[in-house]
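Everything on this sheet refers to the single structure shown next.
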Amino acid sequence: MTQQIHHVSGLRRLLATPAFLRLWAIGGCVNTMRFFELLSAALFTLDATGSGLAVALVSAARTMPMLLFGAFSGVVTEAVSRKLVLQIGQVLTCAAAVIIAILAMLGLVRPWHLAVSSFVSGMVWSTEMATRRRMVGESVEGPLVSRALALDTMSNSGSRLVGPIAAGVIYQLWGIAGCYIVSAGVYALAACITRGVAYHQQSRRFVFSRVPRDLAEGIAFARGHITIAGVLAVTIAMNLLAFPYGALVAPIGRQVFDVPPTLVGVLAASEAFGAFTGGMWLTSGEPRWTGRVLMVGGSLVFVTCVFLMPLAPAFPLACGLLALGGFGSAAFANMQTSLVVLYAPVEIRSRLMGLLTVCIGMGPLGILLIGFLADRVGPMRAIDIVETMCFIWVAWIGLRWRRRELVG
(Lines give C-alpha, C1' and ligand atoms only; values in the text may rest on other atoms or scores of the structure.)
Protein backbone atom coordinates (compact mmCIF):
# COMPACT_ATOMS: atom_id res chain seq x y z
CA MET A 1 0.00 0.00 0.00
CA THR A 2 2.82 2.38 0.92
CA GLN A 3 4.55 1.71 -2.42
CA GLN A 4 1.32 2.38 -4.31
CA ILE A 5 0.80 5.69 -2.46
CA HIS A 6 4.41 6.66 -3.23
CA HIS A 7 3.87 5.80 -6.92
CA VAL A 8 0.72 7.95 -7.15
CA SER A 9 2.45 10.81 -5.36
CA GLY A 10 5.40 10.62 -7.77
CA LEU A 11 3.15 10.73 -10.81
CA ARG A 12 1.24 13.69 -9.39
CA ARG A 13 4.47 15.59 -8.87
CA LEU A 14 5.52 14.86 -12.44
CA LEU A 15 2.20 15.94 -13.90
CA ALA A 16 2.27 19.09 -11.75
CA THR A 17 5.54 20.22 -13.36
CA PRO A 18 4.71 22.54 -16.31
CA ALA A 19 8.11 22.21 -18.02
CA PHE A 20 7.92 18.41 -17.90
CA LEU A 21 4.36 18.41 -19.25
CA ARG A 22 5.32 20.57 -22.24
CA LEU A 23 8.44 18.57 -23.03
CA TRP A 24 6.44 15.37 -22.68
CA ALA A 25 3.78 16.70 -25.08
CA ILE A 26 6.39 17.78 -27.60
CA GLY A 27 7.92 14.30 -27.49
CA GLY A 28 4.50 12.75 -28.06
CA CYS A 29 3.91 14.94 -31.13
CA VAL A 30 7.27 14.60 -32.84
CA ASN A 31 7.82 10.92 -32.08
CA THR A 32 4.36 10.02 -33.36
CA MET A 33 5.07 11.85 -36.62
CA ARG A 34 8.51 10.29 -36.85
CA PHE A 35 7.08 6.78 -37.00
CA PHE A 36 4.04 7.97 -38.92
CA GLU A 37 6.30 9.31 -41.69
CA LEU A 38 8.58 6.28 -41.56
CA LEU A 39 5.78 3.90 -42.53
CA SER A 40 4.13 6.37 -44.91
CA ALA A 41 7.37 6.79 -46.85
CA ALA A 42 7.98 3.02 -46.81
CA LEU A 43 4.52 2.24 -48.21
CA PHE A 44 4.83 4.88 -50.95
CA THR A 45 8.35 3.74 -51.90
CA LEU A 46 7.29 0.08 -52.00
CA ASP A 47 4.30 0.92 -54.20
CA ALA A 48 6.45 3.08 -56.49
CA THR A 49 9.46 0.75 -56.83
CA GLY A 50 8.58 -2.70 -55.47
CA SER A 51 12.10 -2.86 -54.04
CA GLY A 52 12.95 -3.73 -50.44
CA LEU A 53 16.33 -2.07 -50.92
CA ALA A 54 14.69 1.18 -52.03
CA VAL A 55 12.47 1.10 -48.94
CA ALA A 56 15.56 0.54 -46.78
CA LEU A 57 17.39 3.47 -48.42
CA VAL A 58 14.53 5.90 -47.76
CA SER A 59 14.29 4.66 -44.18
CA ALA A 60 18.06 4.95 -43.71
CA ALA A 61 17.98 8.60 -44.77
CA ARG A 62 16.04 9.42 -41.60
CA THR A 63 18.58 7.94 -39.21
CA MET A 64 21.84 8.65 -41.07
CA PRO A 65 22.19 12.18 -39.60
CA MET A 66 22.30 10.70 -36.11
CA LEU A 67 25.50 8.88 -37.05
CA LEU A 68 26.94 11.91 -38.85
CA PHE A 69 25.96 14.74 -36.52
CA GLY A 70 25.00 13.19 -33.17
CA ALA A 71 28.30 13.77 -31.38
CA PHE A 72 28.58 17.30 -32.78
CA SER A 73 25.07 18.17 -31.60
CA GLY A 74 26.00 17.03 -28.11
CA VAL A 75 28.91 19.48 -28.01
CA VAL A 76 26.91 22.35 -29.55
CA THR A 77 24.00 22.08 -27.13
CA GLU A 78 26.38 22.48 -24.19
CA ALA A 79 26.89 26.06 -25.42
CA VAL A 80 23.78 26.95 -27.48
CA SER A 81 20.29 27.24 -25.96
CA ARG A 82 18.75 23.77 -25.99
CA LYS A 83 15.28 25.29 -26.07
CA LEU A 84 16.18 27.30 -29.19
CA VAL A 85 17.60 24.22 -30.92
CA LEU A 86 14.42 22.31 -30.06
CA GLN A 87 12.15 25.03 -31.45
CA ILE A 88 14.11 25.50 -34.68
CA GLY A 89 13.93 21.75 -35.20
CA GLN A 90 10.12 21.75 -35.14
CA VAL A 91 10.00 24.57 -37.69
CA LEU A 92 12.37 22.74 -40.05
CA THR A 93 10.46 19.46 -39.92
CA CYS A 94 7.18 21.30 -40.45
CA ALA A 95 8.60 23.03 -43.55
CA ALA A 96 9.90 19.72 -44.96
CA ALA A 97 6.47 18.09 -44.49
CA VAL A 98 4.70 21.03 -46.18
CA ILE A 99 6.96 20.73 -49.24
CA ILE A 100 6.28 16.99 -49.58
CA ALA A 101 2.53 17.55 -49.20
CA ILE A 102 2.56 20.17 -51.98
CA LEU A 103 4.60 17.94 -54.31
CA ALA A 104 2.23 15.03 -53.62
CA MET A 105 -0.89 17.10 -54.33
CA LEU A 106 0.70 18.16 -57.65
CA GLY A 107 1.51 14.53 -58.47
CA LEU A 108 5.24 15.26 -58.57
CA VAL A 109 6.49 13.47 -55.45
CA ARG A 110 9.11 10.75 -55.90
CA PRO A 111 10.88 8.43 -53.44
CA TRP A 112 14.01 10.58 -53.53
CA HIS A 113 11.96 13.57 -52.36
CA LEU A 114 10.91 11.53 -49.34
CA ALA A 115 14.54 10.57 -48.74
CA VAL A 116 15.59 14.24 -48.69
CA SER A 117 12.72 15.15 -46.35
CA SER A 118 13.63 12.20 -44.13
CA PHE A 119 17.24 13.38 -44.01
CA VAL A 120 16.15 16.85 -42.85
CA SER A 121 13.93 15.30 -40.18
CA GLY A 122 16.84 13.06 -39.21
CA MET A 123 19.08 16.09 -38.68
CA VAL A 124 16.53 17.38 -36.19
CA TRP A 125 16.24 13.92 -34.62
CA SER A 126 20.02 13.89 -34.10
CA THR A 127 19.56 16.64 -31.49
CA GLU A 128 16.82 14.78 -29.58
CA MET A 129 18.99 13.11 -26.95
CA ALA A 130 21.11 16.18 -26.23
CA THR A 131 18.13 18.57 -26.12
CA ARG A 132 14.61 17.36 -25.34
CA ARG A 133 15.51 14.08 -23.60
CA ARG A 134 18.12 15.80 -21.45
CA MET A 135 15.66 18.62 -20.70
CA VAL A 136 13.08 16.04 -19.58
CA GLY A 137 15.56 14.56 -17.10
CA GLU A 138 16.51 18.00 -15.80
CA SER A 139 12.96 19.36 -15.52
CA VAL A 140 12.28 17.34 -12.34
CA GLU A 141 13.99 16.67 -9.02
CA GLY A 142 16.65 13.95 -8.74
CA PRO A 143 14.44 11.18 -7.24
CA LEU A 144 11.95 11.62 -10.09
CA VAL A 145 14.46 11.55 -12.97
CA SER A 146 14.20 7.81 -13.67
CA ARG A 147 10.39 7.90 -13.46
CA ALA A 148 10.15 10.98 -15.70
CA LEU A 149 12.31 9.32 -18.34
CA ALA A 150 10.33 6.07 -18.00
CA LEU A 151 7.10 7.99 -18.55
CA ASP A 152 8.65 9.73 -21.55
CA THR A 153 9.81 6.36 -22.89
CA MET A 154 6.31 4.98 -22.39
CA SER A 155 4.80 7.84 -24.41
CA ASN A 156 7.43 7.25 -27.08
CA SER A 157 6.24 3.65 -27.24
CA GLY A 158 2.69 4.96 -27.50
CA SER A 159 3.73 7.14 -30.42
CA ARG A 160 5.22 4.09 -32.14
CA LEU A 161 1.85 2.43 -31.59
CA VAL A 162 -0.32 5.30 -32.85
CA GLY A 163 2.00 6.52 -35.61
CA PRO A 164 2.15 3.41 -37.84
CA ILE A 165 -1.56 2.58 -37.40
CA ALA A 166 -2.53 6.15 -38.32
CA ALA A 167 -0.11 6.08 -41.26
CA GLY A 168 -1.60 2.86 -42.62
CA VAL A 169 -5.17 4.19 -42.37
CA ILE A 170 -4.46 7.66 -43.79
CA TYR A 171 -2.25 6.31 -46.58
CA GLN A 172 -4.97 3.90 -47.63
CA LEU A 173 -7.60 6.68 -47.59
CA TRP A 174 -5.77 9.78 -48.82
CA GLY A 175 -2.36 8.66 -50.03
CA ILE A 176 1.00 10.22 -49.33
CA ALA A 177 -0.35 13.78 -49.62
CA GLY A 178 -2.79 13.25 -46.76
CA CYS A 179 -0.04 11.75 -44.62
CA TYR A 180 2.25 14.74 -44.94
CA ILE A 181 -0.54 17.29 -44.44
CA VAL A 182 -1.23 15.67 -41.07
CA SER A 183 2.50 15.59 -40.31
CA ALA A 184 2.95 19.30 -41.05
CA GLY A 185 0.06 20.20 -38.74
CA VAL A 186 1.42 18.20 -35.81
CA TYR A 187 4.93 19.64 -36.18
CA ALA A 188 3.42 23.14 -36.18
CA LEU A 189 1.63 22.31 -32.93
CA ALA A 190 4.90 21.08 -31.38
CA ALA A 191 6.64 24.32 -32.37
CA CYS A 192 3.93 26.31 -30.58
CA ILE A 193 4.22 24.20 -27.42
CA THR A 194 8.00 24.65 -27.39
CA ARG A 195 7.67 28.42 -27.06
CA GLY A 196 6.15 28.05 -23.59
CA VAL A 197 8.80 25.73 -22.12
CA ALA A 198 10.47 27.29 -19.07
CA TYR A 199 14.06 26.09 -19.16
CA HIS A 200 17.34 27.59 -18.00
CA GLN A 201 20.82 26.29 -18.63
CA GLN A 202 24.33 27.30 -17.75
CA SER A 203 25.88 27.92 -21.13
CA ARG A 204 29.45 28.51 -22.12
CA ARG A 205 30.78 30.22 -25.22
CA PHE A 206 30.83 27.90 -28.22
CA VAL A 207 34.34 27.61 -29.68
CA PHE A 208 34.50 25.50 -32.82
CA SER A 209 38.19 24.70 -32.36
CA ARG A 210 37.39 23.04 -29.02
CA VAL A 211 35.00 20.52 -30.56
CA PRO A 212 37.60 17.75 -31.15
CA ARG A 213 38.92 18.10 -27.59
CA ASP A 214 35.41 18.10 -26.10
CA LEU A 215 34.53 14.99 -28.06
CA ALA A 216 37.75 13.27 -26.98
CA GLU A 217 36.97 14.04 -23.31
CA GLY A 218 33.51 12.51 -23.68
CA ILE A 219 34.86 9.39 -25.37
CA ALA A 220 37.58 8.98 -22.73
CA PHE A 221 35.05 9.22 -19.91
CA ALA A 222 32.72 6.71 -21.60
CA ARG A 223 35.51 4.18 -22.12
CA GLY A 224 36.53 4.36 -18.50
CA HIS A 225 33.04 4.09 -16.99
CA ILE A 226 31.61 0.57 -16.76
CA THR A 227 27.94 1.55 -17.00
CA ILE A 228 28.28 4.22 -19.71
CA ALA A 229 30.47 1.93 -21.83
CA GLY A 230 27.96 -0.90 -21.45
CA VAL A 231 25.06 1.32 -22.45
CA LEU A 232 26.86 2.55 -25.56
CA ALA A 233 27.95 -0.97 -26.59
CA VAL A 234 24.45 -2.47 -26.29
CA THR A 235 22.97 0.56 -28.08
CA ILE A 236 25.31 0.04 -31.04
CA ALA A 237 24.38 -3.65 -31.29
CA MET A 238 20.63 -3.02 -31.07
CA ASN A 239 20.54 -0.17 -33.55
CA LEU A 240 22.91 -1.81 -36.00
CA LEU A 241 21.26 -5.24 -36.02
CA ALA A 242 18.01 -5.45 -34.03
CA PHE A 243 15.85 -2.42 -34.79
CA PRO A 244 16.47 -2.27 -38.58
CA TYR A 245 13.84 -5.01 -38.94
CA GLY A 246 11.37 -2.11 -38.98
CA ALA A 247 12.51 -1.17 -42.48
CA LEU A 248 11.14 -4.50 -43.71
CA VAL A 249 7.78 -4.37 -41.93
CA ALA A 250 6.06 -3.16 -45.11
CA PRO A 251 7.52 -5.97 -47.31
CA ILE A 252 6.83 -8.59 -44.59
CA GLY A 253 3.24 -7.46 -44.20
CA ARG A 254 2.51 -7.14 -47.90
CA GLN A 255 4.56 -10.03 -49.33
CA VAL A 256 4.68 -12.63 -46.51
CA PHE A 257 1.32 -12.15 -44.76
CA ASP A 258 -0.50 -10.54 -47.73
CA VAL A 259 -2.31 -7.86 -45.71
CA PRO A 260 -3.46 -4.34 -46.75
CA PRO A 261 -1.71 -1.11 -45.63
CA THR A 262 -3.94 -0.69 -42.58
CA LEU A 263 -2.89 -4.09 -41.20
CA VAL A 264 0.73 -3.37 -42.11
CA GLY A 265 0.35 -0.44 -39.72
CA VAL A 266 -1.00 -2.81 -37.07
CA LEU A 267 2.02 -5.10 -37.52
CA ALA A 268 4.39 -2.13 -37.25
CA ALA A 269 2.61 -0.93 -34.11
CA SER A 270 2.49 -4.29 -32.33
CA GLU A 271 5.95 -4.00 -30.80
CA ALA A 272 5.10 -0.47 -29.69
CA PHE A 273 1.97 -1.77 -27.93
CA GLY A 274 4.11 -4.14 -25.91
CA ALA A 275 6.65 -1.40 -25.23
CA PHE A 276 3.87 0.93 -24.05
CA THR A 277 2.62 -1.73 -21.64
CA GLY A 278 6.16 -2.41 -20.47
CA GLY A 279 6.71 1.32 -19.97
CA MET A 280 3.64 1.46 -17.71
CA TRP A 281 5.19 -1.28 -15.60
CA LEU A 282 8.49 0.61 -15.38
CA THR A 283 6.75 3.77 -14.19
CA SER A 284 4.89 1.87 -11.46
CA GLY A 285 7.87 1.94 -9.14
CA GLU A 286 11.55 1.15 -8.75
CA PRO A 287 12.46 -2.02 -10.71
CA ARG A 288 13.80 -5.04 -8.83
CA TRP A 289 16.65 -5.62 -11.28
CA THR A 290 19.75 -3.58 -11.98
CA GLY A 291 20.05 -1.33 -15.02
CA ARG A 292 22.41 -3.81 -16.63
CA VAL A 293 19.99 -6.72 -16.24
CA LEU A 294 17.08 -4.68 -17.58
CA MET A 295 19.02 -3.37 -20.55
CA VAL A 296 20.75 -6.58 -21.61
CA GLY A 297 17.88 -8.90 -20.69
CA GLY A 298 15.30 -6.68 -22.36
CA SER A 299 17.40 -6.54 -25.51
CA LEU A 300 17.67 -10.33 -25.70
CA VAL A 301 13.91 -10.76 -25.25
CA PHE A 302 13.26 -8.27 -28.04
CA VAL A 303 15.73 -9.87 -30.44
CA THR A 304 14.30 -13.35 -29.85
CA CYS A 305 10.73 -12.22 -30.58
CA VAL A 306 11.73 -10.37 -33.75
CA PHE A 307 13.61 -13.48 -34.92
CA LEU A 308 10.43 -15.57 -34.50
CA MET A 309 8.03 -12.99 -35.99
CA PRO A 310 8.50 -13.67 -39.76
CA LEU A 311 8.35 -17.42 -39.07
CA ALA A 312 4.90 -17.15 -37.52
CA PRO A 313 2.27 -19.27 -39.34
CA ALA A 314 -0.39 -16.56 -39.03
CA PHE A 315 -0.54 -12.76 -38.99
CA PRO A 316 -2.08 -12.45 -35.46
CA LEU A 317 0.70 -14.58 -34.00
CA ALA A 318 3.31 -12.36 -35.67
CA CYS A 319 1.69 -9.33 -34.05
CA GLY A 320 1.65 -11.11 -30.69
CA LEU A 321 5.35 -11.92 -30.88
CA LEU A 322 6.23 -8.30 -31.60
CA ALA A 323 4.01 -7.17 -28.72
CA LEU A 324 5.91 -9.51 -26.39
CA GLY A 325 9.19 -8.20 -27.73
CA GLY A 326 7.99 -4.71 -26.89
CA PHE A 327 8.39 -5.44 -23.17
CA GLY A 328 12.08 -6.01 -23.84
CA SER A 329 12.48 -2.89 -25.94
CA ALA A 330 10.81 -0.82 -23.20
CA ALA A 331 13.39 -1.98 -20.66
CA PHE A 332 16.21 -1.29 -23.12
CA ALA A 333 14.96 2.19 -24.08
CA ASN A 334 14.35 3.33 -20.52
CA MET A 335 17.75 2.21 -19.25
CA GLN A 336 19.49 3.59 -22.33
CA THR A 337 18.73 7.18 -21.31
CA SER A 338 18.27 6.81 -17.55
CA LEU A 339 21.70 5.28 -16.93
CA VAL A 340 23.47 8.05 -18.86
CA VAL A 341 21.53 10.83 -17.12
CA LEU A 342 22.08 9.27 -13.69
CA TYR A 343 25.79 8.42 -14.06
CA ALA A 344 27.11 11.19 -16.33
CA PRO A 345 28.52 14.36 -14.71
CA VAL A 346 26.49 17.46 -15.58
CA GLU A 347 29.40 19.19 -17.32
CA ILE A 348 29.74 16.46 -19.97
CA ARG A 349 26.23 15.05 -19.98
CA SER A 350 25.27 16.53 -23.36
CA ARG A 351 28.46 15.19 -24.90
CA LEU A 352 27.68 11.69 -23.64
CA MET A 353 24.10 12.03 -24.87
CA GLY A 354 25.59 13.05 -28.20
CA LEU A 355 27.71 9.89 -28.24
CA LEU A 356 24.59 7.92 -27.42
CA THR A 357 22.96 9.55 -30.44
CA VAL A 358 25.87 8.42 -32.62
CA CYS A 359 25.37 4.87 -31.37
CA ILE A 360 21.67 5.11 -32.21
CA GLY A 361 22.77 6.47 -35.58
CA MET A 362 24.30 3.12 -36.45
CA GLY A 363 20.77 2.25 -37.60
CA PRO A 364 21.23 3.34 -41.24
CA LEU A 365 24.12 0.91 -41.68
CA GLY A 366 21.92 -1.86 -40.32
CA ILE A 367 19.02 -0.78 -42.54
CA LEU A 368 21.26 -0.89 -45.61
CA LEU A 369 22.55 -4.33 -44.55
CA ILE A 370 19.09 -5.78 -44.01
CA GLY A 371 17.82 -4.17 -47.24
CA PHE A 372 20.73 -5.69 -49.17
CA LEU A 373 20.02 -9.10 -47.68
CA ALA A 374 16.27 -8.76 -48.33
CA ASP A 375 16.85 -8.26 -52.05
CA ARG A 376 18.95 -11.45 -52.16
CA VAL A 377 17.47 -13.90 -49.68
CA GLY A 378 14.04 -12.36 -49.02
CA PRO A 379 12.79 -10.32 -46.04
CA MET A 380 12.16 -13.35 -43.79
CA ARG A 381 15.69 -14.72 -43.96
CA ALA A 382 17.21 -11.25 -43.85
CA ILE A 383 15.53 -10.51 -40.51
CA ASP A 384 16.54 -13.84 -39.00
CA ILE A 385 20.17 -13.48 -40.08
CA VAL A 386 20.67 -10.07 -38.47
CA GLU A 387 18.70 -10.91 -35.32
CA THR A 388 20.85 -14.00 -34.74
CA MET A 389 23.99 -11.88 -35.06
CA CYS A 390 22.53 -9.36 -32.61
CA PHE A 391 21.63 -11.97 -30.00
CA ILE A 392 25.20 -13.29 -29.95
CA TRP A 393 26.68 -9.78 -29.77
CA VAL A 394 24.43 -8.52 -26.94
CA ALA A 395 24.89 -11.70 -24.90
CA TRP A 396 28.67 -11.29 -25.18
CA ILE A 397 28.45 -7.61 -24.12
CA GLY A 398 26.27 -8.58 -21.16
CA LEU A 399 28.80 -11.12 -19.95
CA ARG A 400 31.68 -8.64 -20.28
CA TRP A 401 29.65 -5.93 -18.50
CA ARG A 402 28.82 -8.26 -15.60
CA ARG A 403 32.42 -9.39 -15.30
CA ARG A 404 33.70 -5.80 -15.17
CA GLU A 405 31.12 -4.88 -12.51
CA LEU A 406 32.23 -7.81 -10.36
CA VAL A 407 35.90 -6.90 -10.75
CA GLY A 408 35.21 -3.18 -10.17
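FYI, nothing fancy with the C-alpha coordinates labels: chains A, B, ... in order, residues from 1 per chain, ligands from 1 as they appear.
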
Residues within 12 Å of Ser51 in chain A, only C-alpha atoms, excluding chain neighbours under 6 positions, as a list in words: Ala42, Leu43, Phe44, Thr45, Leu57, Val58, Pro111, Ala247, Leu248, Ala250, Pro251, Gln255, Gly371, Phe372, Leu373, Ala374, Asp375, Arg376, Gly378 and Pro379 of chain A

message: Excluding range 274-283 of chain A and its own-chain neighbours fewer than 5 positions away, which residues fall within 10 Å of it when counting only C-alpha atoms? Please give them as an NGL selection string.
response: :A and (7 or 10-11 or 146-161 or 269 or 302 or 319-334)

task: Once DSSP has gone over the backbone, tell me which residues of range 58-227 of chain A are in alpha helix (DSSP H), as a PyMOL selection string.
output: chain A and resi 58-76+82-105+111-125+134-138+145-195+211-224+226-227

query: Between A:Ala191, A:Ile348, A:Leu300, A:Leu241, which is the closest to Val386 in chain A once you count only C-alpha atoms?
result: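 Among A:Ala191, A:Ile348, A:Leu300, A:Leu241, it is A:Leu241 that comes nearest to Val386 in chain A.
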
task: Please provide as JSON, numbers by chain all residues within 8 Å of Trp401 in chain A, with the sequence filter that same-chain residues fewer than 4 positions apart are discarded (counting only C-alpha atoms).
output: {"A": [226, 227, 230, 292, 397, 405]}

Selection above as a file: N, CA and C atoms, as a CSV table (one decimal), in the first residue's frame:
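Listed below is the output, out09.csv:
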chain,number,residue,atom,x,y,z
A,226,ILE,N,32.2,1.9,-16.5
A,226,ILE,CA,31.6,0.6,-16.8
A,226,ILE,C,30.2,0.7,-17.3
A,227,THR,N,29.4,1.5,-16.6
A,227,THR,CA,27.9,1.6,-17.0
A,227,THR,C,27.8,2.3,-18.3
A,230,GLY,N,28.9,0.2,-21.2
A,230,GLY,CA,28.0,-0.9,-21.4
A,230,GLY,C,26.7,-0.4,-22.2
A,292,ARG,N,21.8,-2.9,-15.7
A,292,ARG,CA,22.4,-3.8,-16.6
A,292,ARG,C,21.5,-5.0,-17.0
A,397,ILE,N,28.3,-8.9,-24.8
A,397,ILE,CA,28.4,-7.6,-24.1
A,397,ILE,C,28.0,-7.7,-22.7
A,405,GLU,N,31.8,-5.4,-13.8
A,405,GLU,CA,31.1,-4.9,-12.5
A,405,GLU,C,31.6,-5.7,-11.3

Set the distance at 12 Å and use only C-alpha atoms: which residues neighbour Ala188 in chain A once local chain neighbours fewer than 3 positions away are removed? I'd like the list as a PDB file with N, CA, C and O atoms, in the first residue's frame.
ATOM      1  N   ILE A  26       5.605  17.604 -26.376  1.00  0.00           N
ATOM      2  CA  ILE A  26       6.392  17.776 -27.599  1.00  0.00           C
ATOM      3  C   ILE A  26       6.916  16.428 -28.074  1.00  0.00           C
ATOM      4  O   ILE A  26       6.860  16.088 -29.266  1.00  0.00           O
ATOM      5  N   CYS A  29       4.210  14.445 -29.775  1.00  0.00           N
ATOM      6  CA  CYS A  29       3.911  14.938 -31.126  1.00  0.00           C
ATOM      7  C   CYS A  29       4.971  14.497 -32.134  1.00  0.00           C
ATOM      8  O   CYS A  29       4.666  13.878 -33.159  1.00  0.00           O
ATOM      9  N   VAL A  30       6.229  14.832 -31.846  1.00  0.00           N
ATOM     10  CA  VAL A  30       7.275  14.602 -32.837  1.00  0.00           C
ATOM     11  C   VAL A  30       7.589  13.124 -33.020  1.00  0.00           C
ATOM     12  O   VAL A  30       7.875  12.679 -34.137  1.00  0.00           O
ATOM     13  N   MET A  33       4.881  11.510 -35.203  1.00  0.00           N
ATOM     14  CA  MET A  33       5.075  11.848 -36.616  1.00  0.00           C
ATOM     15  C   MET A  33       6.310  11.185 -37.206  1.00  0.00           C
ATOM     16  O   MET A  33       6.356  10.872 -38.389  1.00  0.00           O
ATOM     17  N   GLN A  87      13.192  24.307 -30.721  1.00  0.00           N
ATOM     18  CA  GLN A  87      12.149  25.029 -31.448  1.00  0.00           C
ATOM     19  C   GLN A  87      12.471  25.134 -32.941  1.00  0.00           C
ATOM     20  O   GLN A  87      11.592  24.930 -33.789  1.00  0.00           O
ATOM     21  N   ILE A  88      13.718  25.427 -33.276  1.00  0.00           N
ATOM     22  CA  ILE A  88      14.112  25.499 -34.684  1.00  0.00           C
ATOM     23  C   ILE A  88      13.881  24.156 -35.369  1.00  0.00           C
ATOM     24  O   ILE A  88      13.451  24.093 -36.525  1.00  0.00           O
ATOM     25  N   GLY A  89      14.137  23.086 -34.644  1.00  0.00           N
ATOM     26  CA  GLY A  89      13.931  21.752 -35.202  1.00  0.00           C
ATOM     27  C   GLY A  89      12.494  21.513 -35.619  1.00  0.00           C
ATOM     28  O   GLY A  89      12.228  20.939 -36.679  1.00  0.00           O
ATOM     29  N   GLN A  90      11.534  21.956 -34.794  1.00  0.00           N
ATOM     30  CA  GLN A  90      10.124  21.751 -35.138  1.00  0.00           C
ATOM     31  C   GLN A  90       9.734  22.546 -36.382  1.00  0.00           C
ATOM     32  O   GLN A  90       8.949  22.094 -37.212  1.00  0.00           O
ATOM     33  N   VAL A  91      10.289  23.741 -36.513  1.00  0.00           N
ATOM     34  CA  VAL A  91       9.996  24.574 -37.689  1.00  0.00           C
ATOM     35  C   VAL A  91      10.550  23.926 -38.956  1.00  0.00           C
ATOM     36  O   VAL A  91       9.879  23.888 -40.002  1.00  0.00           O
ATOM     37  N   LEU A  92      11.757  23.379 -38.877  1.00  0.00           N
ATOM     38  CA  LEU A  92      12.365  22.739 -40.049  1.00  0.00           C
ATOM     39  C   LEU A  92      11.580  21.510 -40.496  1.00  0.00           C
ATOM     40  O   LEU A  92      11.335  21.312 -41.699  1.00  0.00           O
ATOM     41  N   THR A  93      11.199  20.667 -39.546  1.00  0.00           N
ATOM     42  CA  THR A  93      10.463  19.458 -39.923  1.00  0.00           C
ATOM     43  C   THR A  93       9.082  19.804 -40.476  1.00  0.00           C
ATOM     44  O   THR A  93       8.590  19.140 -41.391  1.00  0.00           O
ATOM     45  N   CYS A  94       8.471  20.851 -39.933  1.00  0.00           N
ATOM     46  CA  CYS A  94       7.182  21.301 -40.454  1.00  0.00           C
ATOM     47  C   CYS A  94       7.320  21.757 -41.906  1.00  0.00           C
ATOM     48  O   CYS A  94       6.510  21.398 -42.764  1.00  0.00           O
ATOM     49  N   ALA A  95       8.377  22.536 -42.185  1.00  0.00           N
ATOM     50  CA  ALA A  95       8.600  23.032 -43.545  1.00  0.00           C
ATOM     51  C   ALA A  95       8.845  21.879 -44.522  1.00  0.00           C
ATOM     52  O   ALA A  95       8.321  21.876 -45.647  1.00  0.00           O
ATOM     53  N   ALA A  96       9.627  20.873 -44.089  1.00  0.00           N
ATOM     54  CA  ALA A  96       9.898  19.722 -44.959  1.00  0.00           C
ATOM     55  C   ALA A  96       8.617  18.966 -45.272  1.00  0.00           C
ATOM     56  O   ALA A  96       8.392  18.538 -46.420  1.00  0.00           O
ATOM     57  N   ALA A  97       7.742  18.795 -44.276  1.00  0.00           N
ATOM     58  CA  ALA A  97       6.472  18.092 -44.491  1.00  0.00           C
ATOM     59  C   ALA A  97       5.557  18.872 -45.433  1.00  0.00           C
ATOM     60  O   ALA A  97       4.868  18.279 -46.273  1.00  0.00           O
ATOM     61  N   VAL A  98       5.537  20.188 -45.299  1.00  0.00           N
ATOM     62  CA  VAL A  98       4.701  21.025 -46.175  1.00  0.00           C
ATOM     63  C   VAL A  98       5.140  20.867 -47.636  1.00  0.00           C
ATOM     64  O   VAL A  98       4.307  20.739 -48.542  1.00  0.00           O
ATOM     65  N   ILE A 181       0.263  16.163 -44.947  1.00  0.00           N
ATOM     66  CA  ILE A 181      -0.535  17.290 -44.444  1.00  0.00           C
ATOM     67  C   ILE A 181      -0.733  17.147 -42.939  1.00  0.00           C
ATOM     68  O   ILE A 181      -0.577  18.105 -42.170  1.00  0.00           O
ATOM     69  N   VAL A 182      -1.083  15.937 -42.507  1.00  0.00           N
ATOM     70  CA  VAL A 182      -1.228  15.669 -41.073  1.00  0.00           C
ATOM     71  C   VAL A 182       0.090  15.925 -40.346  1.00  0.00           C
ATOM     72  O   VAL A 182       0.139  16.565 -39.285  1.00  0.00           O
ATOM     73  N   SER A 183       1.182  15.438 -40.925  1.00  0.00           N
ATOM     74  CA  SER A 183       2.496  15.588 -40.314  1.00  0.00           C
ATOM     75  C   SER A 183       2.861  17.059 -40.118  1.00  0.00           C
ATOM     76  O   SER A 183       3.332  17.465 -39.045  1.00  0.00           O
ATOM     77  N   ALA A 184       2.625  17.864 -41.136  1.00  0.00           N
ATOM     78  CA  ALA A 184       2.947  19.295 -41.045  1.00  0.00           C
ATOM     79  C   ALA A 184       2.166  19.962 -39.920  1.00  0.00           C
ATOM     80  O   ALA A 184       2.706  20.787 -39.164  1.00  0.00           O
ATOM     81  N   GLY A 185       0.890  19.617 -39.786  1.00  0.00           N
ATOM     82  CA  GLY A 185       0.060  20.203 -38.745  1.00  0.00           C
ATOM     83  C   GLY A 185       0.547  19.865 -37.347  1.00  0.00           C
ATOM     84  O   GLY A 185       0.572  20.721 -36.454  1.00  0.00           O
ATOM     85  N   ALA A 191       5.875  23.067 -32.385  1.00  0.00           N
ATOM     86  CA  ALA A 191       6.635  24.323 -32.367  1.00  0.00           C
ATOM     87  C   ALA A 191       5.977  25.341 -31.445  1.00  0.00           C
ATOM     88  O   ALA A 191       6.656  26.071 -30.711  1.00  0.00           O
ATOM     89  N   CYS A 192       4.660  25.387 -31.462  1.00  0.00           N
ATOM     90  CA  CYS A 192       3.926  26.314 -30.583  1.00  0.00           C
ATOM     91  C   CYS A 192       4.102  25.949 -29.112  1.00  0.00           C
ATOM     92  O   CYS A 192       4.287  26.826 -28.259  1.00  0.00           O
ATOM     93  N   ILE A 193       4.051  24.648 -28.809  1.00  0.00           N
ATOM     94  CA  ILE A 193       4.216  24.201 -27.419  1.00  0.00           C
ATOM     95  C   ILE A 193       5.615  24.525 -26.909  1.00  0.00           C
ATOM     96  O   ILE A 193       5.795  24.915 -25.749  1.00  0.00           O
ATOM     97  N   THR A 194       6.621  24.408 -27.788  1.00  0.00           N
ATOM     98  CA  THR A 194       8.004  24.647 -27.389  1.00  0.00           C
ATOM     99  C   THR A 194       8.214  26.072 -26.884  1.00  0.00           C
ATOM    100  O   THR A 194       9.016  26.307 -25.975  1.00  0.00           O
ATOM    101  N   ARG A 195       7.492  27.013 -27.449  1.00  0.00           N
ATOM    102  CA  ARG A 195       7.669  28.417 -27.056  1.00  0.00           C
ATOM    103  C   ARG A 195       7.413  28.630 -25.567  1.00  0.00           C
ATOM    104  O   ARG A 195       8.020  29.487 -24.937  1.00  0.00           O
TER     105      ARG A 195
END

task: Tell me, in Å to one decimal, how far CA of Met309 in chain A is from CA of Val377 in chain A.
output: 16.6 Å

Neighbour list for Leu352 in chain A as a PyMOL selection string, cut-off 12 Å, only C-alpha atoms, skip fewer than 4 positions in-chain: chain A and resi 70-75+77-78+129-130+134+214-223+225+228-229+231-232+336-337+339-348+356-359
